[in-house]
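Peer 1: So I've got this file, upload-v1.json, and it contains JSON, C-alpha atoms:
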```json
[["chain", "number", "residue", "atom", "x", "y", "z"],
["A", 6, "MET", "CA", -61.97, -37.30, -78.75],
["A", 7, "LYS", "CA", -63.23, -38.90, -75.57],
["A", 8, "TYR", "CA", -61.20, -38.29, -72.46],
["A", 9, "ASP", "CA", -63.53, -39.44, -69.74],
["A", 10, "ASP", "CA", -64.45, -43.00, -70.67],
["A", 11, "ASN", "CA", -64.15, -46.03, -68.38],
["A", 12, "LYS", "CA", -60.52, -46.64, -69.33],
["A", 13, "ASP", "CA", -59.71, -43.11, -68.28],
["A", 14, "LYS", "CA", -61.64, -43.55, -65.04],
["A", 15, "ASP", "CA", -59.59, -46.62, -64.17],
["A", 16, "LEU", "CA", -56.37, -44.81, -65.01],
["A", 17, "VAL", "CA", -57.32, -41.76, -62.96],
["A", 18, "SER", "CA", -58.30, -43.96, -59.98],
["A", 19, "PHE", "CA", -54.96, -45.74, -60.23],
["A", 20, "LEU", "CA", -53.08, -42.44, -60.40],
["A", 21, "LYS", "CA", -54.93, -41.03, -57.41],
["A", 22, "GLU", "CA", -54.45, -44.14, -55.29],
["A", 23, "ASN", "CA", -50.74, -44.23, -55.99],
["A", 24, "ALA", "CA", -49.96, -40.56, -56.45],
["A", 25, "PRO", "CA", -46.26, -39.76, -55.95],
["A", 26, "ILE", "CA", -45.69, -38.15, -52.57],
["A", 27, "PRO", "CA", -42.75, -35.79, -51.95],
["A", 28, "LYS", "CA", -40.36, -36.39, -49.13],
["A", 29, "ASP", "CA", -40.61, -34.13, -46.10],
["A", 30, "PRO", "CA", -39.07, -30.69, -46.56],
["A", 31, "SER", "CA", -35.67, -30.07, -45.03],
["A", 32, "LYS", "CA", -35.81, -28.76, -41.49],
["A", 33, "ASP", "CA", -34.29, -25.47, -42.58],
["A", 34, "LEU", "CA", -36.73, -24.77, -45.41],
["A", 35, "GLU", "CA", -39.31, -22.90, -43.35],
["A", 36, "ASN", "CA", -36.66, -20.82, -41.56],
["A", 37, "SER", "CA", -35.00, -20.06, -44.85],
["A", 38, "ILE", "CA", -38.24, -18.95, -46.51],
["A", 39, "PHE", "CA", -39.29, -16.76, -43.58],
["A", 40, "ALA", "CA", -35.86, -15.20, -43.22],
["A", 41, "GLU", "CA", -36.26, -14.04, -46.82],
["A", 42, "ILE", "CA", -39.86, -12.98, -46.22],
["A", 43, "GLU", "CA", -38.73, -11.03, -43.15],
["A", 44, "ALA", "CA", -36.05, -9.29, -45.21],
["A", 45, "LEU", "CA", -38.60, -8.43, -47.90],
["A", 46, "ALA", "CA", -41.09, -7.18, -45.29],
["A", 47, "GLU", "CA", -38.37, -5.05, -43.73],
["A", 48, "LYS", "CA", -37.50, -3.64, -47.14],
["A", 49, "ARG", "CA", -41.15, -2.82, -47.71],
["A", 50, "ARG", "CA", -41.41, -1.09, -44.38],
["A", 51, "GLY", "CA", -38.24, 0.84, -45.21],
["A", 52, "SER", "CA", -39.50, 1.91, -48.59],
["A", 53, "ARG", "CA", -42.78, 2.97, -47.00],
["A", 54, "PHE", "CA", -40.82, 5.06, -44.47],
["A", 55, "ASN", "CA", -38.74, 6.62, -47.24],
["A", 56, "LEU", "CA", -41.91, 7.53, -49.03],
["A", 57, "ILE", "CA", -43.18, 9.55, -46.08],
["A", 58, "PRO", "CA", -41.30, 12.78, -46.91],
["A", 59, "LYS", "CA", -42.22, 12.49, -50.59],
["A", 60, "VAL", "CA", -45.87, 12.00, -49.81],
["A", 61, "THR", "CA", -46.33, 14.17, -46.75],
["A", 62, "PHE", "CA", -44.35, 17.21, -47.88],
["A", 63, "PRO", "CA", -46.78, 18.10, -50.68],
["A", 64, "LYS", "CA", -49.62, 17.40, -48.28],
["A", 65, "ILE", "CA", -48.15, 19.76, -45.72],
["A", 66, "ALA", "CA", -47.51, 22.36, -48.40],
["A", 67, "PHE", "CA", -51.02, 21.98, -49.70],
["A", 68, "ALA", "CA", -52.46, 22.26, -46.19],
["A", 69, "SER", "CA", -50.35, 25.40, -45.56],
["A", 70, "ILE", "CA", -51.51, 26.99, -48.79],
["A", 71, "LEU", "CA", -55.08, 26.12, -47.93],
["A", 72, "ALA", "CA", -54.75, 27.59, -44.44],
["A", 73, "ALA", "CA", -53.10, 30.74, -45.79],
["A", 74, "SER", "CA", -55.83, 31.13, -48.41],
["A", 75, "PHE", "CA", -58.47, 30.71, -45.77],
["A", 76, "ALA", "CA", -56.79, 33.29, -43.52],
["A", 77, "LEU", "CA", -56.55, 35.72, -46.43],
["A", 78, "TYR", "CA", -60.20, 35.13, -47.25],
["A", 79, "ILE", "CA", -61.27, 35.70, -43.64],
["A", 80, "GLY", "CA", -59.04, 38.78, -43.38],
["A", 81, "GLY", "CA", -60.33, 40.11, -46.66],
["A", 82, "ALA", "CA", -63.91, 39.53, -45.66],
["A", 83, "PHE", "CA", -63.33, 41.26, -42.34],
["A", 84, "ASN", "CA", -61.69, 44.17, -44.14],
["A", 85, "LEU", "CA", -64.55, 44.41, -46.60],
["A", 86, "GLU", "CA", -67.00, 44.36, -43.73],
["A", 87, "GLN", "CA", -65.09, 47.18, -42.08],
["A", 88, "LYS", "CA", -65.07, 49.12, -45.30],
["A", 89, "SER", "CA", -68.76, 48.69, -45.82],
["A", 90, "GLU", "CA", -69.41, 49.79, -42.25],
["A", 91, "GLU", "CA", -67.46, 52.95, -42.96],
["A", 92, "ALA", "CA", -69.39, 53.52, -46.16],
["A", 93, "ILE", "CA", -72.70, 53.05, -44.37],
["A", 94, "ALA", "CA", -71.59, 55.47, -41.69],
["A", 95, "LYS", "CA", -70.68, 58.00, -44.38],
["A", 96, "GLU", "CA", -74.02, 57.48, -46.11],
["A", 97, "GLU", "CA", -75.83, 57.87, -42.83],
["A", 98, "ALA", "CA", -73.91, 61.06, -42.19],
["A", 99, "VAL", "CA", -74.93, 62.42, -45.63],
["A", 100, "ILE", "CA", -78.57, 61.47, -44.98],
["A", 101, "ASP", "CA", -78.46, 63.07, -41.57],
["A", 102, "GLN", "CA", -76.96, 66.19, -43.11],
["A", 103, "PHE", "CA", -79.69, 66.39, -45.75],
["A", 104, "ILE", "CA", -82.43, 65.69, -43.24],
["A", 105, "ASP", "CA", -81.09, 68.44, -41.02],
["A", 106, "GLN", "CA", -80.83, 70.72, -44.03],
["A", 107, "THR", "CA", -84.38, 69.84, -45.13],
["A", 108, "ILE", "CA", -85.79, 70.46, -41.72],
["A", 109, "PHE", "CA", -83.89, 73.70, -41.58],
["A", 110, "THR", "CA", -85.06, 74.74, -45.09],
["A", 111, "GLU", "CA", -88.68, 73.72, -44.44],
["A", 112, "TYR", "CA", -88.52, 75.46, -41.19],
["A", 113, "ASN", "CA", -87.24, 78.68, -42.94],
["A", 114, "SER", "CA", -89.28, 78.42, -46.11],
["A", 115, "ASP", "CA", -92.68, 77.21, -47.16],
["A", 116, "GLU", "CA", -91.33, 76.02, -50.46],
["A", 117, "ASP", "CA", -90.31, 72.39, -50.77],
["A", 118, "SER", "CA", -86.88, 73.33, -52.05],
["A", 119, "ILE", "CA", -85.25, 69.94, -51.42],
["A", 120, "LEU", "CA", -86.32, 67.13, -53.71],
["A", 121, "VAL", "CA", -85.91, 63.47, -53.05],
["A", 122, "SER", "CA", -83.85, 63.19, -56.26],
["A", 123, "GLU", "CA", -81.42, 65.70, -54.89],
["A", 124, "VAL", "CA", -80.99, 63.68, -51.71],
["A", 125, "ASN", "CA", -80.48, 60.52, -53.74],
["A", 126, "GLY", "CA", -78.04, 62.29, -56.06],
["A", 127, "ALA", "CA", -76.06, 63.55, -53.14],
["A", 128, "MET", "CA", -75.88, 60.03, -51.74],
["A", 129, "GLY", "CA", -74.76, 58.68, -55.06],
["A", 130, "PHE", "CA", -77.86, 56.60, -55.77],
["B", 1, "MET", "CA", -30.74, -20.20, -52.56],
["B", 2, "PHE", "CA", -31.18, -17.98, -49.54],
["B", 3, "ASN", "CA", -30.25, -19.79, -46.40],
["B", 4, "SER", "CA", -30.63, -18.70, -42.84],
["B", 5, "THR", "CA", -31.39, -20.16, -39.48],
["B", 6, "SER", "CA", -33.12, -17.08, -38.14],
["B", 7, "LYS", "CA", -36.79, -17.42, -37.32],
["B", 8, "ARG", "CA", -38.25, -14.10, -36.31],
["B", 9, "LEU", "CA", -41.74, -14.27, -37.73],
["B", 10, "ASP", "CA", -43.94, -16.18, -35.33],
["B", 11, "LEU", "CA", -47.22, -17.72, -36.29],
["B", 12, "PRO", "CA", -49.90, -15.20, -35.32],
["B", 13, "ILE", "CA", -52.59, -16.23, -32.87],
["B", 14, "ILE", "CA", -55.90, -16.10, -34.70],
["B", 15, "LYS", "CA", -59.40, -16.67, -33.46],
["B", 16, "GLY", "CA", -61.16, -19.32, -35.46],
["B", 17, "GLU", "CA", -60.57, -20.02, -39.12],
["B", 18, "GLU", "CA", -59.76, -16.84, -41.01],
["B", 19, "SER", "CA", -60.42, -16.87, -44.72],
["B", 20, "ASP", "CA", -57.66, -16.49, -47.26],
["B", 21, "GLU", "CA", -58.97, -13.01, -48.05],
["B", 22, "GLU", "CA", -58.69, -11.94, -44.41],
["B", 23, "ILE", "CA", -55.20, -13.38, -44.12],
["B", 24, "ILE", "CA", -54.12, -11.53, -47.27],
["B", 25, "GLU", "CA", -55.53, -8.31, -45.85],
["B", 26, "HIS", "CA", -53.38, -8.70, -42.72],
["B", 27, "ILE", "CA", -50.28, -9.40, -44.81],
["B", 28, "LEU", "CA", -50.85, -6.44, -47.10],
["B", 29, "SER", "CA", -51.41, -4.13, -44.16],
["B", 30, "GLY", "CA", -47.85, -4.94, -43.07],
["B", 31, "ASP", "CA", -48.10, -7.99, -40.82],
["B", 32, "ALA", "CA", -45.93, -10.51, -42.63],
["B", 33, "SER", "CA", -46.31, -13.05, -39.83],
["B", 34, "TYR", "CA", -49.73, -13.92, -41.29],
["B", 35, "PHE", "CA", -47.93, -15.34, -44.28],
["B", 36, "LYS", "CA", -47.10, -18.30, -42.04],
["B", 37, "ILE", "CA", -50.76, -19.29, -42.22],
["B", 38, "ILE", "CA", -50.67, -19.22, -46.03],
["B", 39, "TYR", "CA", -47.49, -21.26, -45.88],
["B", 40, "LYS", "CA", -48.98, -23.88, -43.55],
["B", 41, "ARG", "CA", -52.18, -24.08, -45.58],
["B", 42, "TYR", "CA", -50.58, -24.50, -48.99],
["B", 43, "LEU", "CA", -47.20, -26.10, -48.35],
["B", 44, "ALA", "CA", -48.41, -29.65, -49.07],
["B", 45, "LYS", "CA", -50.15, -28.60, -52.32],
["B", 46, "VAL", "CA", -47.18, -26.60, -53.55],
["B", 47, "ARG", "CA", -44.70, -29.36, -52.77],
["B", 48, "ALA", "CA", -46.84, -32.12, -54.24],
["B", 49, "THR", "CA", -47.39, -30.14, -57.45],
["B", 50, "ILE", "CA", -43.71, -29.30, -57.82],
["B", 51, "PHE", "CA", -42.66, -32.86, -57.01],
["B", 52, "ARG", "CA", -45.04, -34.41, -59.52],
["B", 53, "LEU", "CA", -43.99, -31.96, -62.22],
["B", 54, "ALA", "CA", -40.28, -31.69, -61.57],
["B", 55, "GLY", "CA", -39.20, -34.46, -59.23],
["B", 56, "GLY", "CA", -37.44, -34.17, -55.94],
["B", 57, "ASP", "CA", -33.94, -33.04, -56.87],
["B", 58, "HIS", "CA", -34.57, -29.31, -56.41],
["B", 59, "ILE", "CA", -37.90, -29.42, -54.64],
["B", 60, "ASP", "CA", -36.84, -27.33, -51.64],
["B", 61, "ASP", "CA", -35.34, -24.61, -53.81],
["B", 62, "MET", "CA", -38.44, -24.49, -55.99],
["B", 63, "THR", "CA", -40.74, -24.51, -52.96],
["B", 64, "GLN", "CA", -38.84, -21.58, -51.53],
["B", 65, "GLU", "CA", -39.00, -19.70, -54.81],
["B", 66, "ALA", "CA", -42.73, -20.38, -55.11],
["B", 67, "PHE", "CA", -43.50, -19.02, -51.63],
["B", 68, "ILE", "CA", -41.35, -15.94, -52.15],
["B", 69, "ARG", "CA", -43.20, -15.26, -55.42],
["B", 70, "ILE", "CA", -46.51, -15.82, -53.66],
["B", 71, "TYR", "CA", -45.57, -13.31, -50.94],
["B", 72, "GLN", "CA", -44.37, -10.76, -53.46],
["B", 73, "GLY", "CA", -47.37, -11.19, -55.74],
["B", 74, "LEU", "CA", -50.15, -11.05, -53.15],
["B", 75, "GLY", "CA", -50.66, -7.32, -53.64],
["B", 76, "LYS", "CA", -51.26, -7.80, -57.35],
["B", 77, "LEU", "CA", -53.79, -10.59, -56.85],
["B", 78, "LYS", "CA", -57.10, -9.03, -57.89],
["B", 79, "GLU", "CA", -59.43, -11.91, -57.07],
["B", 80, "ARG", "CA", -58.30, -13.00, -53.64],
["B", 81, "ARG", "CA", -60.85, -15.81, -53.42],
["B", 82, "TYR", "CA", -58.91, -17.55, -56.19],
["B", 83, "LEU", "CA", -55.75, -17.66, -54.11],
["B", 84, "SER", "CA", -55.61, -21.46, -54.26],
["B", 85, "THR", "CA", -55.72, -21.55, -58.08],
["B", 86, "TRP", "CA", -53.23, -18.72, -58.28],
["B", 87, "ILE", "CA", -50.83, -20.60, -55.98],
["B", 88, "TYR", "CA", -50.98, -23.54, -58.40],
["B", 89, "ARG", "CA", -50.17, -21.14, -61.20],
["B", 90, "VAL", "CA", -47.16, -19.75, -59.35],
["B", 91, "SER", "CA", -45.94, -23.29, -58.58],
["B", 92, "VAL", "CA", -46.29, -24.35, -62.22],
["B", 93, "ASN", "CA", -44.50, -21.19, -63.38],
["B", 94, "VAL", "CA", -41.63, -21.87, -61.00],
["B", 95, "VAL", "CA", -41.24, -25.35, -62.51],
["B", 96, "PHE", "CA", -41.39, -24.00, -66.09],
["B", 97, "ASP", "CA", -38.90, -21.23, -65.29],
["B", 98, "PHE", "CA", -36.59, -23.75, -63.66],
["B", 99, "HIS", "CA", -36.94, -25.94, -66.73],
["B", 100, "ARG", "CA", -36.04, -23.01, -69.00],
["B", 101, "ARG", "CA", -33.07, -22.00, -66.87],
["B", 102, "LYS", "CA", -31.76, -25.53, -66.83],
["B", 103, "GLY", "CA", -32.42, -25.81, -70.56],
["B", 104, "SER", "CA", -33.08, -29.47, -70.17],
["B", 105, "HIS", "CA", -35.74, -31.97, -69.34],
["B", 106, "VAL", "CA", -36.99, -31.65, -65.79],
["B", 107, "GLU", "CA", -37.02, -34.91, -63.92],
["B", 108, "THR", "CA", -40.44, -35.70, -62.57],
["B", 109, "ALA", "CA", -39.41, -37.52, -59.47],
["B", 110, "ASP", "CA", -36.36, -38.64, -57.63],
["B", 111, "THR", "CA", -34.13, -40.34, -60.12],
["B", 112, "LYS", "CA", -32.80, -42.31, -57.21],
["B", 113, "VAL", "CA", -35.30, -45.11, -56.84],
["B", 114, "GLU", "CA", -36.25, -45.61, -53.25],
["B", 115, "GLU", "CA", -34.47, -48.51, -51.68],
["B", 116, "GLU", "CA", -37.38, -49.47, -49.50],
["B", 117, "HIS", "CA", -37.93, -53.10, -50.13],
["B", 118, "GLU", "CA", -38.73, -54.03, -46.58],
["B", 119, "GLY", "CA", -42.26, -54.31, -45.29],
["B", 120, "THR", "CA", -45.34, -56.17, -46.29],
["B", 121, "TYR", "CA", -46.26, -57.12, -49.82],
["B", 122, "GLU", "CA", -48.87, -54.35, -49.85],
["B", 123, "ILE", "CA", -46.30, -51.73, -48.91],
["B", 124, "GLN", "CA", -43.85, -53.00, -51.52],
["B", 125, "SER", "CA", -46.59, -53.08, -54.11],
["B", 126, "SER", "CA", -47.64, -49.54, -53.25],
["B", 127, "ILE", "CA", -44.04, -48.27, -53.51],
["B", 128, "PHE", "CA", -43.65, -50.05, -56.84],
["B", 129, "LYS", "CA", -46.83, -48.52, -58.27],
["B", 130, "ARG", "CA", -45.81, -45.04, -57.11],
["B", 131, "GLN", "CA", -42.44, -45.42, -58.76],
["B", 132, "MET", "CA", -44.05, -46.57, -61.97],
["B", 133, "ILE", "CA", -46.29, -43.51, -61.99],
["B", 134, "GLU", "CA", -43.25, -41.30, -61.40],
["B", 135, "LYS", "CA", -41.54, -42.93, -64.38],
["B", 136, "GLY", "CA", -44.69, -42.59, -66.43],
["B", 137, "LEU", "CA", -44.95, -38.91, -65.63],
["B", 138, "ARG", "CA", -41.30, -38.47, -66.58],
["B", 139, "SER", "CA", -42.04, -39.87, -70.01],
["B", 140, "LEU", "CA", -44.52, -37.05, -70.75],
["B", 141, "SER", "CA", -43.69, -33.60, -72.01],
["B", 142, "LEU", "CA", -43.86, -30.89, -69.33],
["B", 143, "GLU", "CA", -47.01, -29.43, -70.94],
["B", 144, "HIS", "CA", -48.83, -32.79, -70.95],
["B", 145, "ARG", "CA", -47.59, -33.67, -67.49],
["B", 146, "THR", "CA", -48.83, -30.35, -66.10],
["B", 147, "VAL", "CA", -52.36, -30.88, -67.38],
["B", 148, "LEU", "CA", -52.48, -34.49, -66.17],
["B", 149, "VAL", "CA", -51.18, -33.61, -62.70],
["B", 150, "LEU", "CA", -53.47, -30.61, -62.26],
["B", 151, "HIS", "CA", -56.59, -32.37, -63.53],
["B", 152, "ASP", "CA", -56.25, -35.96, -62.40],
["B", 153, "LEU", "CA", -54.20, -35.57, -59.22],
["B", 154, "GLU", "CA", -54.95, -32.05, -58.00],
["B", 155, "GLU", "CA", -58.55, -32.22, -59.28],
["B", 156, "LEU", "CA", -58.66, -28.76, -60.80],
["B", 157, "THR", "CA", -61.28, -27.94, -63.42],
["B", 158, "MET", "CA", -60.53, -27.48, -67.11],
["B", 159, "LYS", "CA", -61.27, -23.80, -66.76],
["B", 160, "GLU", "CA", -58.88, -23.41, -63.83],
["B", 161, "ILE", "CA", -56.13, -25.26, -65.68],
["B", 162, "SER", "CA", -56.79, -23.14, -68.74],
["B", 163, "GLY", "CA", -56.10, -20.05, -66.61],
["B", 164, "ILE", "CA", -53.02, -21.57, -65.02],
["B", 165, "VAL", "CA", -51.32, -22.66, -68.24],
["B", 166, "GLU", "CA", -52.71, -19.72, -70.21],
["B", 167, "SER", "CA", -54.13, -21.91, -72.96],
["B", 168, "PRO", "CA", -57.68, -22.33, -74.26],
["B", 169, "VAL", "CA", -59.86, -25.02, -72.66],
["B", 170, "GLY", "CA", -59.80, -26.95, -75.97],
["B", 171, "THR", "CA", -56.02, -27.14, -75.84],
["B", 172, "VAL", "CA", -56.15, -28.32, -72.23],
["B", 173, "LYS", "CA", -58.64, -31.08, -73.15],
["B", 174, "SER", "CA", -56.48, -32.16, -76.05],
["B", 175, "ARG", "CA", -53.36, -32.25, -73.87],
["B", 176, "LEU", "CA", -55.18, -34.27, -71.23],
["B", 177, "PHE", "CA", -56.36, -36.80, -73.82],
["B", 178, "HIS", "CA", -52.83, -37.34, -75.14],
["B", 179, "ALA", "CA", -51.28, -37.28, -71.67],
["B", 180, "ARG", "CA", -53.59, -40.05, -70.44],
["B", 181, "LYS", "CA", -53.00, -42.10, -73.56],
["B", 182, "GLN", "CA", -49.22, -41.86, -73.19],
["B", 183, "MET", "CA", -49.40, -42.50, -69.46],
["B", 184, "ARG", "CA", -51.49, -45.63, -69.93],
["B", 185, "GLU", "CA", -49.09, -46.94, -72.58],
["B", 186, "ALA", "CA", -46.09, -46.21, -70.38],
["B", 187, "LEU", "CA", -47.62, -48.04, -67.42],
["B", 188, "ILE", "CA", -48.60, -51.04, -69.55],
["B", 189, "ASN", "CA", -45.06, -51.18, -70.95],
["B", 190, "MET", "CA", -43.76, -51.27, -67.38],
["B", 191, "GLY", "CA", -46.02, -54.21, -66.63],
["B", 192, "VAL", "CA", -48.61, -52.36, -64.60],
["B", 193, "GLU", "CA", -52.15, -53.66, -64.90],
["B", 194, "ILE", "CA", -54.73, -50.93, -64.74]]
```
Taking this structure as input, can you express it in the form of structure tokens?
Peer 2:
Amino acid sequence: MKYDDNKDKDLVSFLKENAPIPKDPSKDLENSIFAEIEALAEKRRGSRFNLIPKVTFPKIAFASILAASFALYIGGAFNLEQKSEEAIAKEEAVIDQFIDQTIFTEYNSDEDSILVSEVNGAMGF
Amino acid sequence: MFNSTSKRLDLPIIKGEESDEEIIEHILSGDASYFKIIYKRYLAKVRATIFRLAGGDHIDDMTQEAFIRIYQGLGKLKERRYLSTWIYRVSVNVVFDFHRRKGSHVETADTKVEEEHEGTYEIQSSIFKRQMIEKGLRSLSLEHRTVLVLHDLEELTMKEISGIVESPVGTVKSRLFHARKQMREALINMGVEI
């Protein structure tokens, strides 16, 4: 099947030279098309606006949850820090007590009556 | 069809020649006025395609439907650089849908033969030849006519036509072969020397 021989070339040339041309569009065509386009664009804008609550509400909720979580984390961390400071202070107090006791014992006795293990045991190590 | 005299979307002022892709981007970001550029660029192609496939009786309605479909479908167009081919596809689909709705043969051109017999011999001859081609096109099936118009008049490639009519390239070639054969016979029968 040949579709591009000389006969076809002549036919195609003839068709191109005398191709049917449409009449000019009616004067109202463009206005009519763009009135419809405008209505569709407006509808799109409207639907986008309507989507805002649906889309943004979960975002706001998510952001709130995130912020609350962060605040809880910071608060918790601060609390833990406070707690650990208290614990350190307690430990220091125990150490000070044992040091004082040791000094006092050593001062009153030649025997090394206080062992390191006892100090550690008292401190919970 | 929709009819209104309002004209609210003005042609946007653009610097230089913006590509189809850039224009589409503007439209999809919400500025529908850019669709005027698409309209101005492709109006002649859309109208010529519709006219050669379906005639002039409902050309304005079909043109309007084609441009509305183009506007509505822009967001779904994956390969924006193929806008031109896609616009042909939309135009062809509008004609086929119109044909289905009507449930009858679509006229290829104005059934009213132009009454323009004034002018020089060349002008008269040109009008006569154009009318013969219109009649010849009308004698083809819509499938054959589509391939002939898209390939020989709109100069689309086989591959592009294959995508537009959703048929394999082999089928398109076969349709073109038969369409040209029938067209030639029709023209000869009408006394046209090619």
Peer 1: What are the residues of chain A that have an atom within 8 Å of an atom of chain B, counting all atoms listed in the file, as a VMD selection string?
Peer 2: chain A and resid 6 to 8 13 15 to 17 19 to 21 23 to 28 30 to 31 33 to 34 36 to 43 46 50
Peer 1: Can you work out the spacing between CA of Lys78 (chain B) and CA of Val90 (chain B) in Å, to one decimal?
Peer 2: 14.7 Å
Peer 1: Can you tell me how far CA of Asp10 (chain A) sits from CA of Arg89 (chain B), in Å to one decimal?
Peer 2: 27.8 Å
Peer 1: Just give me the gap between CA of Gly136 (chain B) and CA of Gly163 (chain B) in Å, one decimal is fine.
Peer 2: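 Result for CA of Gly136 (chain B) versus CA of Gly163 (chain B): 25.3 Å, one decimal.
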Peer 1: Using only C-alpha atoms, can you tell me which of B:Glu143, B:Arg80, B:Gly75, B:Glu166 comes closest to Ser29 (chain B)?
Peer 2: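 Smallest distance to Ser29 (chain B) is found for B:Gly75.
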Peer 1: Output: region 43-64 of chain B of the preceding structure, restricted to N, CA and C atoms, written as an mmCIF file, in the first residue's frame.
Peer 2:
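Once everything was written out, this is selection31.cif:
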```cif
data_model
loop_
_atom_site.group_PDB
_atom_site.id
_atom_site.type_symbol
_atom_site.label_atom_id
_atom_site.label_comp_id
_atom_site.auth_asym_id
_atom_site.auth_seq_id
_atom_site.Cartn_x
_atom_site.Cartn_y
_atom_site.Cartn_z
ATOM 1 N N LEU B 43 -7.414 29.805 17.710
ATOM 2 C CA LEU B 43 -8.771 29.937 17.162
ATOM 3 C C LEU B 43 -8.836 29.483 15.695
ATOM 4 N N ALA B 44 -7.914 29.971 14.874
ATOM 5 C CA ALA B 44 -7.952 29.651 13.442
ATOM 6 C C ALA B 44 -7.817 28.140 13.211
ATOM 7 N N LYS B 45 -6.901 27.511 13.960
ATOM 8 C CA LYS B 45 -6.693 26.055 13.806
ATOM 9 C C LYS B 45 -7.941 25.276 14.217
ATOM 10 N N VAL B 46 -8.495 25.668 15.353
ATOM 11 C CA VAL B 46 -9.671 24.962 15.867
ATOM 12 C C VAL B 46 -10.834 25.098 14.885
ATOM 13 N N ARG B 47 -11.056 26.313 14.435
ATOM 14 C CA ARG B 47 -12.179 26.550 13.514
ATOM 15 C C ARG B 47 -11.987 25.837 12.178
ATOM 16 N N ALA B 48 -10.773 25.915 11.660
ATOM 17 C CA ALA B 48 -10.511 25.268 10.366
ATOM 18 C C ALA B 48 -10.715 23.759 10.483
ATOM 19 N N THR B 49 -10.222 23.173 11.564
ATOM 20 C CA THR B 49 -10.358 21.722 11.757
ATOM 21 C C THR B 49 -11.829 21.333 11.867
ATOM 22 N N ILE B 50 -12.550 22.072 12.699
ATOM 23 C CA ILE B 50 -13.974 21.770 12.882
ATOM 24 C C ILE B 50 -14.730 21.953 11.567
ATOM 25 N N PHE B 51 -14.431 23.039 10.875
ATOM 26 C CA PHE B 51 -15.128 23.316 9.616
ATOM 27 C C PHE B 51 -14.884 22.222 8.581
ATOM 28 N N ARG B 52 -13.628 21.800 8.473
ATOM 29 C CA ARG B 52 -13.306 20.781 7.468
ATOM 30 C C ARG B 52 -13.873 19.406 7.846
ATOM 31 N N LEU B 53 -14.050 19.186 9.133
ATOM 32 C CA LEU B 53 -14.611 17.894 9.567
ATOM 33 C C LEU B 53 -16.137 17.909 9.618
ATOM 34 N N ALA B 54 -16.692 19.030 10.008
ATOM 35 C CA ALA B 54 -18.136 19.029 10.289
ATOM 36 C C ALA B 54 -18.938 20.075 9.530
ATOM 37 N N GLY B 55 -18.279 20.904 8.753
ATOM 38 C CA GLY B 55 -19.010 21.939 8.028
ATOM 39 C C GLY B 55 -19.270 23.159 8.880
ATOM 40 N N GLY B 56 -20.047 24.075 8.339
ATOM 41 C CA GLY B 56 -20.191 25.364 9.000
ATOM 42 C C GLY B 56 -21.484 25.573 9.745
ATOM 43 N N ASP B 57 -22.381 24.580 9.708
ATOM 44 C CA ASP B 57 -23.698 24.790 10.306
ATOM 45 C C ASP B 57 -23.651 25.075 11.808
ATOM 46 N N HIS B 58 -22.787 24.339 12.527
ATOM 47 C CA HIS B 58 -22.735 24.515 13.989
ATOM 48 C C HIS B 58 -21.321 24.885 14.430
ATOM 49 N N ILE B 59 -20.609 25.516 13.546
ATOM 50 C CA ILE B 59 -19.181 25.756 13.825
ATOM 51 C C ILE B 59 -18.960 26.629 15.066
ATOM 52 N N ASP B 60 -19.790 27.629 15.280
ATOM 53 C CA ASP B 60 -19.587 28.489 16.452
ATOM 54 C C ASP B 60 -19.860 27.736 17.753
ATOM 55 N N ASP B 61 -20.912 26.936 17.747
ATOM 56 C CA ASP B 61 -21.224 26.136 18.938
ATOM 57 C C ASP B 61 -20.089 25.161 19.250
ATOM 58 N N MET B 62 -19.590 24.516 18.203
ATOM 59 C CA MET B 62 -18.517 23.533 18.411
ATOM 60 C C MET B 62 -17.213 24.208 18.803
ATOM 61 N N THR B 63 -16.970 25.384 18.253
ATOM 62 C CA THR B 63 -15.760 26.140 18.638
ATOM 63 C C THR B 63 -15.836 26.504 20.114
ATOM 64 N N GLN B 64 -17.006 26.963 20.526
ATOM 65 C CA GLN B 64 -17.189 27.326 21.932
ATOM 66 C C GLN B 64 -16.984 26.102 22.836
#
```
